[in-house]
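**Q** Sharing entry.json, JSON, C-alpha atoms and all ligand atoms:
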[["chain", "number", "residue", "atom", "x", "y", "z"],
["A", 1, "MET", "CA", 5.19, -16.82, -6.84],
["A", 2, "THR", "CA", 5.53, -19.48, -9.49],
["A", 3, "PHE", "CA", 8.90, -20.53, -10.80],
["A", 4, "LEU", "CA", 8.01, -19.16, -14.25],
["A", 5, "ALA", "CA", 7.38, -15.73, -12.72],
["A", 6, "LYS", "CA", 10.76, -15.94, -10.98],
["A", 7, "VAL", "CA", 12.52, -16.83, -14.24],
["A", 8, "GLN", "CA", 10.81, -13.89, -15.95],
["A", 9, "ALA", "CA", 11.83, -11.54, -13.10],
["A", 10, "GLN", "CA", 15.36, -12.81, -12.45],
["A", 11, "HIS", "CA", 16.61, -13.73, -15.97],
["A", 12, "PRO", "CA", 18.91, -16.53, -14.73],
["A", 13, "LEU", "CA", 22.18, -17.04, -16.60],
["A", 14, "ILE", "CA", 22.23, -20.56, -18.05],
["A", 15, "HIS", "CA", 25.57, -22.03, -19.13],
["A", 16, "ASN", "CA", 24.95, -24.58, -21.88],
["A", 17, "ILE", "CA", 27.36, -27.11, -23.26],
["A", 18, "THR", "CA", 25.06, -28.52, -25.89],
["A", 19, "ASN", "CA", 25.09, -29.97, -29.37],
["A", 20, "MET", "CA", 25.50, -28.37, -32.77],
["A", 21, "VAL", "CA", 22.03, -29.50, -33.91],
["A", 22, "VAL", "CA", 20.06, -27.56, -31.30],
["A", 23, "THR", "CA", 22.26, -24.65, -30.25],
["A", 24, "ASN", "CA", 20.30, -21.82, -31.87],
["A", 25, "PHE", "CA", 16.91, -23.34, -30.94],
["A", 26, "THR", "CA", 18.06, -23.71, -27.33],
["A", 27, "ALA", "CA", 19.35, -20.14, -27.06],
["A", 28, "ASN", "CA", 16.16, -18.71, -28.61],
["A", 29, "GLY", "CA", 13.95, -20.91, -26.42],
["A", 30, "LEU", "CA", 15.74, -19.77, -23.25],
["A", 31, "LEU", "CA", 15.53, -16.12, -24.32],
["A", 32, "ALA", "CA", 11.81, -16.53, -25.05],
["A", 33, "LEU", "CA", 11.03, -17.55, -21.50],
["A", 34, "GLY", "CA", 13.17, -14.83, -19.97],
["A", 35, "ALA", "CA", 16.41, -16.67, -19.20],
["A", 36, "SER", "CA", 19.86, -15.62, -20.37],
["A", 37, "PRO", "CA", 21.64, -18.32, -22.42],
["A", 38, "PHE", "CA", 25.42, -18.59, -22.62],
["A", 39, "MET", "CA", 27.05, -21.27, -24.79],
["A", 40, "ALA", "CA", 30.71, -21.78, -23.83],
["A", 41, "TYR", "CA", 32.91, -24.80, -24.51],
["A", 42, "ALA", "CA", 36.60, -23.83, -24.35],
["A", 43, "HIS", "CA", 38.58, -25.68, -21.69],
["A", 44, "GLU", "CA", 40.17, -22.33, -20.84],
["A", 45, "GLU", "CA", 36.86, -20.78, -19.73],
["A", 46, "VAL", "CA", 34.24, -23.43, -18.89],
["A", 47, "ALA", "CA", 35.08, -23.54, -15.19],
["A", 48, "ASP", "CA", 34.75, -19.75, -14.90],
["A", 49, "VAL", "CA", 31.50, -19.65, -16.86],
["A", 50, "ALA", "CA", 29.95, -22.51, -14.85],
["A", 51, "ALA", "CA", 30.86, -20.84, -11.55],
["A", 52, "MET", "CA", 29.25, -17.52, -12.56],
["A", 53, "ALA", "CA", 26.08, -19.15, -13.97],
["A", 54, "ASN", "CA", 22.78, -19.71, -12.16],
["A", 55, "ALA", "CA", 22.55, -23.22, -13.66],
["A", 56, "VAL", "CA", 24.68, -25.39, -15.95],
["A", 57, "VAL", "CA", 23.11, -27.62, -18.64],
["A", 58, "LEU", "CA", 25.31, -30.41, -19.99],
["A", 59, "ASN", "CA", 24.21, -32.21, -23.17],
["A", 60, "MET", "CA", 26.00, -35.06, -24.96],
["A", 61, "GLY", "CA", 24.23, -34.62, -28.32],
["A", 62, "THR", "CA", 27.23, -34.32, -30.65],
["A", 63, "LEU", "CA", 29.92, -35.86, -28.56],
["A", 64, "ASP", "CA", 33.69, -35.86, -28.95],
["A", 65, "PRO", "CA", 36.57, -36.14, -26.47],
["A", 66, "TYR", "CA", 37.02, -32.34, -26.30],
["A", 67, "THR", "CA", 33.37, -31.85, -25.36],
["A", 68, "VAL", "CA", 33.42, -34.64, -22.77],
["A", 69, "GLU", "CA", 36.32, -32.83, -21.09],
["A", 70, "SER", "CA", 34.47, -29.48, -21.34],
["A", 71, "ILE", "CA", 31.43, -31.09, -19.72],
["A", 72, "GLN", "CA", 33.47, -32.53, -16.87],
["A", 73, "ARG", "CA", 35.35, -29.30, -16.17],
["A", 74, "ALA", "CA", 32.12, -27.26, -16.20],
["A", 75, "GLY", "CA", 30.30, -29.81, -14.06],
["A", 76, "ARG", "CA", 33.02, -30.00, -11.42],
["A", 77, "SER", "CA", 33.27, -26.23, -11.23],
["A", 78, "ALA", "CA", 29.48, -25.94, -10.86],
["A", 79, "ASN", "CA", 29.57, -28.53, -8.06],
["A", 80, "GLN", "CA", 32.26, -26.55, -6.22],
["A", 81, "ALA", "CA", 30.38, -23.28, -6.63],
["A", 82, "GLY", "CA", 27.00, -24.74, -5.60],
["A", 83, "VAL", "CA", 25.49, -24.14, -9.05],
["A", 84, "SER", "CA", 22.81, -26.64, -10.13],
["A", 85, "VAL", "CA", 23.70, -29.06, -12.94],
["A", 86, "VAL", "CA", 21.23, -30.56, -15.44],
["A", 87, "PHE", "CA", 22.54, -33.48, -17.51],
["A", 88, "ASP", "CA", 20.93, -34.66, -20.78],
["A", 89, "PRO", "CA", 22.61, -37.95, -21.79],
["A", 90, "VAL", "CA", 21.54, -37.71, -25.44],
["A", 91, "GLY", "CA", 21.86, -41.07, -27.18],
["A", 92, "ALA", "CA", 23.25, -42.98, -24.17],
["A", 93, "GLY", "CA", 22.88, -46.61, -25.19],
["A", 94, "ALA", "CA", 23.06, -45.88, -28.92],
["A", 95, "THR", "CA", 26.83, -46.55, -29.02],
["A", 96, "SER", "CA", 29.23, -47.82, -26.40],
["A", 97, "TYR", "CA", 31.16, -44.51, -26.67],
["A", 98, "ARG", "CA", 28.05, -42.58, -25.65],
["A", 99, "THR", "CA", 27.20, -44.96, -22.82],
["A", 100, "GLN", "CA", 30.77, -44.90, -21.49],
["A", 101, "SER", "CA", 30.91, -41.10, -21.75],
["A", 102, "ALA", "CA", 27.65, -40.74, -19.82],
["A", 103, "LEU", "CA", 28.97, -43.04, -17.09],
["A", 104, "GLN", "CA", 32.24, -41.13, -16.94],
["A", 105, "ILE", "CA", 30.38, -37.83, -16.62],
["A", 106, "ILE", "CA", 28.14, -39.00, -13.77],
["A", 107, "GLU", "CA", 31.16, -40.48, -12.02],
["A", 108, "HIS", "CA", 32.96, -37.11, -12.00],
["A", 109, "VAL", "CA", 30.04, -34.69, -11.71],
["A", 110, "GLN", "CA", 27.25, -34.67, -9.12],
["A", 111, "VAL", "CA", 24.23, -34.10, -11.33],
["A", 112, "ASP", "CA", 21.21, -32.32, -9.81],
["A", 113, "VAL", "CA", 18.74, -33.22, -12.55],
["A", 114, "LEU", "CA", 19.03, -36.03, -15.10],
["A", 115, "ARG", "CA", 16.63, -35.40, -18.03],
["A", 116, "GLY", "CA", 16.29, -37.83, -20.88],
["A", 117, "ASN", "CA", 14.05, -40.23, -22.70],
["A", 118, "ILE", "CA", 13.46, -43.62, -21.08],
["A", 119, "ALA", "CA", 16.09, -45.43, -23.13],
["A", 120, "GLU", "CA", 18.80, -42.93, -22.21],
["A", 121, "VAL", "CA", 17.98, -43.01, -18.50],
["A", 122, "ALA", "CA", 17.76, -46.82, -18.51],
["A", 123, "HIS", "CA", 21.22, -47.10, -20.09],
["A", 124, "VAL", "CA", 22.70, -44.63, -17.59],
["A", 125, "ILE", "CA", 21.69, -47.04, -14.80],
["A", 126, "GLY", "CA", 22.81, -50.12, -16.72],
["A", 127, "GLN", "CA", 19.42, -51.40, -17.85],
["A", 128, "PRO", "CA", 18.61, -52.47, -21.39],
["A", 129, "TRP", "CA", 16.17, -50.47, -23.54],
["A", 130, "GLU", "CA", 15.89, -50.24, -27.30],
["A", 131, "ILE", "CA", 17.25, -46.98, -28.73],
["A", 132, "LYS", "CA", 17.49, -45.77, -32.33],
["A", 133, "GLY", "CA", 19.97, -42.91, -32.53],
["A", 134, "VAL", "CA", 18.65, -40.27, -30.15],
["A", 135, "ASP", "CA", 15.10, -41.67, -30.02],
["A", 136, "ALA", "CA", 13.78, -44.15, -27.47],
["A", 137, "GLY", "CA", 12.37, -47.45, -28.70],
["A", 138, "THR", "CA", 10.43, -50.04, -26.76],
["A", 139, "GLY", "CA", 11.47, -51.83, -23.59],
["A", 140, "GLU", "CA", 10.29, -54.18, -20.89],
["A", 141, "GLY", "CA", 10.66, -52.06, -17.77],
["A", 142, "ASN", "CA", 8.30, -49.75, -15.97],
["A", 143, "LEU", "CA", 8.68, -46.00, -16.53],
["A", 144, "ILE", "CA", 8.12, -44.93, -12.92],
["A", 145, "GLN", "CA", 10.25, -47.72, -11.50],
["A", 146, "ILE", "CA", 13.20, -46.83, -13.79],
["A", 147, "ALA", "CA", 12.89, -43.14, -12.93],
["A", 148, "GLU", "CA", 12.76, -43.81, -9.18],
["A", 149, "GLN", "CA", 15.66, -46.28, -9.35],
["A", 150, "ALA", "CA", 17.77, -43.78, -11.31],
["A", 151, "ALA", "CA", 16.98, -41.01, -8.81],
["A", 152, "THR", "CA", 17.91, -43.20, -5.85],
["A", 153, "GLN", "CA", 21.06, -44.55, -7.49],
["A", 154, "LEU", "CA", 22.34, -41.16, -8.69],
["A", 155, "LYS", "CA", 20.97, -39.16, -5.72],
["A", 156, "CYS", "CA", 19.35, -36.61, -7.99],
["A", 157, "ILE", "CA", 16.05, -35.55, -9.55],
["A", 158, "VAL", "CA", 15.20, -37.57, -12.65],
["A", 159, "ALA", "CA", 12.87, -36.38, -15.41],
["A", 160, "ILE", "CA", 11.96, -38.95, -18.04],
["A", 161, "THR", "CA", 9.93, -37.57, -20.94],
["A", 162, "GLY", "CA", 7.94, -39.24, -23.66],
["A", 163, "GLU", "CA", 4.24, -39.88, -24.09],
["A", 164, "LYS", "CA", 3.98, -39.38, -20.31],
["A", 165, "ASP", "CA", 6.46, -37.30, -18.34],
["A", 166, "VAL", "CA", 7.69, -38.39, -14.91],
["A", 167, "VAL", "CA", 9.67, -36.33, -12.38],
["A", 168, "THR", "CA", 10.99, -37.93, -9.22],
["A", 169, "ASP", "CA", 13.60, -37.62, -6.51],
["A", 170, "GLY", "CA", 13.14, -41.31, -5.68],
["A", 171, "GLN", "CA", 10.60, -40.55, -2.93],
["A", 172, "SER", "CA", 7.98, -38.21, -4.40],
["A", 173, "THR", "CA", 6.99, -38.81, -8.00],
["A", 174, "TYR", "CA", 4.98, -36.48, -10.25],
["A", 175, "ILE", "CA", 3.32, -37.31, -13.56],
["A", 176, "ILE", "CA", 2.96, -34.41, -15.99],
["A", 177, "ALA", "CA", 0.34, -34.83, -18.69],
["A", 178, "ASN", "CA", 0.80, -31.56, -20.61],
["A", 179, "SER", "CA", 2.43, -31.91, -24.03],
["A", 180, "HIS", "CA", 1.85, -32.65, -27.68],
["A", 181, "LYS", "CA", 3.42, -35.42, -29.73],
["A", 182, "ILE", "CA", 4.27, -33.00, -32.55],
["A", 183, "LEU", "CA", 7.19, -31.96, -30.30],
["A", 184, "THR", "CA", 8.88, -35.23, -31.29],
["A", 185, "GLN", "CA", 8.96, -33.94, -34.90],
["A", 186, "VAL", "CA", 11.06, -30.93, -33.94],
["A", 187, "THR", "CA", 14.72, -31.68, -33.35],
["A", 188, "GLY", "CA", 15.83, -30.38, -30.01],
["A", 189, "GLY", "CA", 12.42, -30.87, -28.40],
["A", 190, "GLY", "CA", 14.12, -32.72, -25.56],
["A", 191, "CYS", "CA", 17.37, -30.73, -25.53],
["A", 192, "LEU", "CA", 15.58, -27.39, -25.16],
["A", 193, "LEU", "CA", 13.43, -28.91, -22.42],
["A", 194, "SER", "CA", 16.59, -29.80, -20.48],
["A", 195, "ALA", "CA", 17.74, -26.18, -20.79],
["A", 196, "VAL", "CA", 14.32, -24.92, -19.64],
["A", 197, "VAL", "CA", 14.61, -27.24, -16.62],
["A", 198, "GLY", "CA", 17.94, -25.50, -15.94],
["A", 199, "ALA", "CA", 16.22, -22.09, -15.94],
["A", 200, "PHE", "CA", 13.53, -23.26, -13.51],
["A", 201, "ILE", "CA", 15.89, -25.01, -11.07],
["A", 202, "ALA", "CA", 18.09, -21.90, -11.15],
["A", 203, "VAL", "CA", 15.37, -19.89, -9.38],
["A", 204, "ALA", "CA", 14.42, -22.54, -6.80],
["A", 205, "ASP", "CA", 15.77, -22.40, -3.25],
["A", 206, "PRO", "CA", 18.88, -24.64, -3.31],
["A", 207, "THR", "CA", 18.25, -25.77, 0.26],
["A", 208, "GLN", "CA", 14.65, -26.93, -0.33],
["A", 209, "ALA", "CA", 14.54, -30.37, -1.96],
["A", 210, "GLN", "CA", 10.75, -30.36, -2.41],
["A", 211, "GLU", "CA", 10.84, -26.92, -3.98],
["A", 212, "ARG", "CA", 13.47, -28.07, -6.46],
["A", 213, "LEU", "CA", 11.37, -31.07, -7.43],
["A", 214, "GLN", "CA", 8.33, -28.82, -7.91],
["A", 215, "ALA", "CA", 10.40, -26.44, -10.06],
["A", 216, "VAL", "CA", 11.28, -29.29, -12.42],
["A", 217, "ALA", "CA", 7.65, -30.47, -12.53],
["A", 218, "GLU", "CA", 6.50, -26.92, -13.30],
["A", 219, "ALA", "CA", 9.13, -26.62, -16.05],
["A", 220, "LEU", "CA", 7.74, -29.70, -17.77],
["A", 221, "ALA", "CA", 4.13, -28.53, -17.41],
["A", 222, "PHE", "CA", 5.00, -25.04, -18.72],
["A", 223, "TYR", "CA", 6.83, -26.53, -21.69],
["A", 224, "GLY", "CA", 3.99, -28.94, -22.46],
["A", 225, "ILE", "CA", 1.40, -26.14, -22.23],
["A", 226, "ALA", "CA", 3.43, -24.02, -24.68],
["A", 227, "ALA", "CA", 3.41, -27.02, -27.06],
["A", 228, "GLU", "CA", -0.35, -27.56, -26.63],
["A", 229, "ILE", "CA", -1.18, -23.91, -27.40],
["A", 230, "ALA", "CA", 1.30, -23.75, -30.29],
["A", 231, "TYR", "CA", -0.34, -26.83, -31.80],
["A", 232, "GLU", "CA", -3.84, -25.38, -31.32],
["A", 233, "GLN", "CA", -2.75, -22.30, -33.27],
["A", 234, "THR", "CA", -0.95, -24.09, -36.12],
["A", 235, "ALA", "CA", -2.88, -27.37, -36.53],
["A", 236, "GLY", "CA", -2.60, -28.61, -40.10],
["A", 237, "GLN", "CA", 0.19, -26.17, -41.04],
["A", 238, "GLY", "CA", 3.13, -28.54, -40.53],
["A", 239, "THR", "CA", 6.02, -28.80, -38.16],
["A", 240, "GLY", "CA", 7.86, -25.66, -39.32],
["A", 241, "SER", "CA", 4.97, -23.40, -38.36],
["A", 242, "PHE", "CA", 4.61, -25.30, -35.08],
["A", 243, "GLN", "CA", 8.28, -24.70, -34.27],
["A", 244, "VAL", "CA", 7.98, -20.93, -34.74],
["A", 245, "GLN", "CA", 4.74, -20.77, -32.75],
["A", 246, "PHE", "CA", 6.26, -22.92, -30.01],
["A", 247, "ILE", "CA", 9.05, -20.38, -29.48],
["A", 248, "ASN", "CA", 6.38, -17.66, -29.49],
["A", 249, "GLN", "CA", 4.42, -19.51, -26.81],
["A", 250, "LEU", "CA", 7.48, -19.93, -24.60],
["A", 251, "SER", "CA", 7.47, -16.13, -24.44],
["A", 252, "LEU", "CA", 3.68, -15.75, -24.17],
["A", 253, "VAL", "CA", 2.55, -18.41, -21.67],
["A", 254, "THR", "CA", 2.03, -16.63, -18.35],
["A", 255, "PRO", "CA", 2.16, -17.94, -14.79],
["A", 256, "GLU", "CA", -1.66, -17.58, -14.75],
["A", 257, "ILE", "CA", -2.00, -19.82, -17.82],
["A", 258, "VAL", "CA", 0.31, -22.38, -16.19],
["A", 259, "ALA", "CA", -1.81, -22.29, -13.01],
["A", 260, "THR", "CA", -4.98, -22.89, -15.04],
["A", 261, "ARG", "CA", -3.74, -25.58, -17.44],
["A", 262, "ALA", "CA", -1.03, -27.52, -15.57],
["A", 263, "LEU", "CA", -1.77, -31.25, -15.29],
["A", 264, "ILE", "CA", 0.60, -32.34, -12.52],
["A", 265, "THR", "CA", -0.37, -35.27, -10.30],
["A", 266, "LEU", "CA", 1.42, -37.19, -7.57],
["A", 267, "SER", "CA", 1.91, -40.81, -8.61],
["B", 301, "LIG", "P1", 13.67, -38.51, -28.11],
["B", 301, "LIG", "O1", 15.02, -38.27, -28.64],
["B", 301, "LIG", "O2", 13.31, -39.95, -27.79],
["B", 301, "LIG", "O3", 12.60, -37.83, -28.95],
["B", 301, "LIG", "P2", 13.93, -36.31, -26.42],
["B", 301, "LIG", "O4", 15.19, -36.11, -25.67],
["B", 301, "LIG", "O5", 13.75, -35.52, -27.65],
["B", 301, "LIG", "O6", 13.67, -37.83, -26.70],
["B", 301, "LIG", "P3", 11.27, -36.25, -25.64],
["B", 301, "LIG", "O7", 10.96, -37.45, -24.83],
["B", 301, "LIG", "O8", 10.89, -36.25, -27.08],
["B", 301, "LIG", "O9", 12.78, -35.92, -25.46],
["B", 301, "LIG", "O10", 10.64, -35.04, -24.87],
["B", 301, "LIG", "C1", 10.59, -33.73, -25.39],
["B", 301, "LIG", "C2", 9.17, -33.22, -25.21],
["B", 301, "LIG", "O11", 8.31, -33.96, -26.09],
["B", 301, "LIG", "C3", 8.62, -33.43, -23.81],
["B", 301, "LIG", "O12", 7.93, -32.25, -23.43],
["B", 301, "LIG", "C4", 7.65, -34.59, -23.95],
["B", 301, "LIG", "O13", 6.55, -34.45, -23.08],
["B", 301, "LIG", "C5", 7.21, -34.46, -25.38],
["B", 301, "LIG", "N1", 6.84, -35.75, -25.96],
["B", 301, "LIG", "C6", 7.68, -36.75, -26.32],
["B", 301, "LIG", "N2", 7.00, -37.80, -26.81],
["B", 301, "LIG", "C7", 5.69, -37.47, -26.75],
["B", 301, "LIG", "C8", 4.47, -38.15, -27.12],
["B", 301, "LIG", "N3", 4.47, -39.37, -27.65],
["B", 301, "LIG", "N4", 3.29, -37.50, -26.89],
["B", 301, "LIG", "C9", 3.28, -36.26, -26.37],
["B", 301, "LIG", "N5", 4.40, -35.57, -26.03],
["B", 301, "LIG", "C10", 5.58, -36.16, -26.20],
["B", 302, "LIG", "N1", 21.63, -35.85, -33.37],
["B", 302, "LIG", "C1", 22.51, -35.68, -32.40],
["B", 302, "LIG", "S1", 21.98, -34.65, -31.19],
["B", 302, "LIG", "C2", 20.48, -34.44, -31.96],
["B", 302, "LIG", "C3", 20.47, -35.18, -33.14],
["B", 302, "LIG", "C4", 19.35, -35.23, -34.10],
["B", 302, "LIG", "C5", 19.41, -33.61, -31.39],
["B", 302, "LIG", "C6", 18.57, -34.40, -30.45],
["B", 302, "LIG", "O1", 17.59, -33.60, -29.89],
["B", 302, "LIG", "P1", 16.43, -34.18, -28.96],
["B", 302, "LIG", "O2", 16.03, -32.99, -28.18],
["B", 302, "LIG", "O3", 17.04, -35.22, -28.07],
["B", 302, "LIG", "O4", 15.35, -34.74, -29.85],
["B", 303, "MG", "MG", 12.25, -35.81, -28.96],
["B", 304, "MG", "MG", 17.03, -36.00, -26.26]]
Will you turn the file into structure tokens for me?
**A**
Amino acid sequence: MTFLAKVQAQHPLIHNITNMVVTNFTANGLLALGASPFMAYAHEEVADVAAMANAVVLNMGTLDPYTVESIQRAGRSANQAGVSVVFDPVGAGATSYRTQSALQIIEHVQVDVLRGNIAEVAHVIGQPWEIKGVDAGTGEGNLIQIAEQAATQLKCIVAITGEKDVVTDGQSTYIIANSHKILTQVTGGGCLLSAVVGAFIAVADPTQAQERLQAVAEALAFYGIAAEIAYEQTAGQGTGSFQVQFINQLSLVTPEIVATRALITLS
């Protein structure tokens, strides 16, 4: 059974601490693919919510000290309860506050999957890379090498997305070629992806490292396929129509379509 089929059958509960830009898009995207989103931030409840969830997705998009504390409480509780944690270090490197907050979070929380653009991941491991707000710029390093170094250093799965998507645990590395660049014109294209990764890792066997890596790779392929089909159906109509059709496709792409269209290769 594919991971998508398991998400559709099990409806995993995904605790999101995310940003105010993408909250509604993220909740609707998770619902579309069959997961059950729960946004909860209060210090009084985040530990309880994280412990009852099937995965926790932590996102630094609109950061403030209250949210950093919410993220750390939720992350620590998830670690204690054995619940998988996905971390999206939105804008790490854009300001020193964001970089310091990302470092503080990874120091206190064992992250299971780090998902970001190349600039964000580079800054989390102390390497330079141009970044403009939340968008990656250009840099000198090698995509696969940065991903593998981050995975080894942080002892987690790393997914770096962009023109090419890479998923690695530091030993096995997959390249995922499904996607469409119009996704970069929809705010939250990366943030929702991190939440979708949460839904897929939630249904993987926690004791099987290879299975967890494959779940993340399948999440990226599924997401890219939904974008490809949404673009095919709305070409020339603009990014608003694409966004609506993309949510539709997250609910319409089947495990059979994923099996036929997925472009996942070992690097
Ligand atoms: P950024 O803030 O730099 O846009 P992000 O966090 O939004 O980063 P992206 O790297 O944009 O995340 O990834 C979101 C989705 O967009 C992924 O599925 C990725 O494959 C896709 N994507 C990003 N850039 C491109 C591109 N140039 N061509 C095709 N697909 C892309
Ligand atoms: N500003 C702060 S968070 C955010 C913006 C525009 C959303 C970023 O979303 P994504 O998915 O990283 O493009
Ligand atoms: Mg983007
Ligand atoms: Mg992002």
**Q** Quick one: residues within 7 Å of ligand LIG 302 (chain B), with only C-alpha atoms and all ligand atoms, as a list of chain:residue names?
**A** A:Asn19, A:Val21, A:Val22, A:Gly61, A:Thr62, A:Val90, A:Val134, A:Asp135, A:Thr184, A:Thr187, A:Gly188, A:Gly189, A:Gly190, A:Cys191, A:Leu192
**Q** Work out how far apart atom O2 of ligand LIG 301 (chain B) and atom CA of Gly162 of chain A are and give it in Å to one decimal.
**A**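 Calculated distance between atom O2 of ligand LIG 301 (chain B) and atom CA of Gly162 of chain A is 6.8 Å.
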**Q** What is the distance, in Å and to one decimal place, between atom O3 of ligand LIG 301 (chain B) and atom CA of Ala159 of chain A?
**A** 13.6 Å
**Q** At what distance in Å, to one decimal, does atom CA of Val111 of chain A lie from atom CA of Val49 of chain A?
**A** 17.1 Å
**Q** When distances are computed from only C-alpha atoms and all ligand atoms, which of A:Lys132, A:Tyr174, A:Met60, A:Asn117 shows the smallest separation from ligand MG 303 (chain B)?
**A**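 Comparing A:Lys132, A:Tyr174, A:Met60, A:Asn117 against ligand MG 303 (chain B), the winner is A:Asn117.
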**Q** Need the shell around Thr152 of chain A: protein/DNA/RNA residues with any atom at most 12 Å away, counting all atoms listed in the file. Skip same-chain ones fewer than 6 positions apart. Format as a ChimeraX atom specification?
**A** /A:114,125,145-146,158,168-173
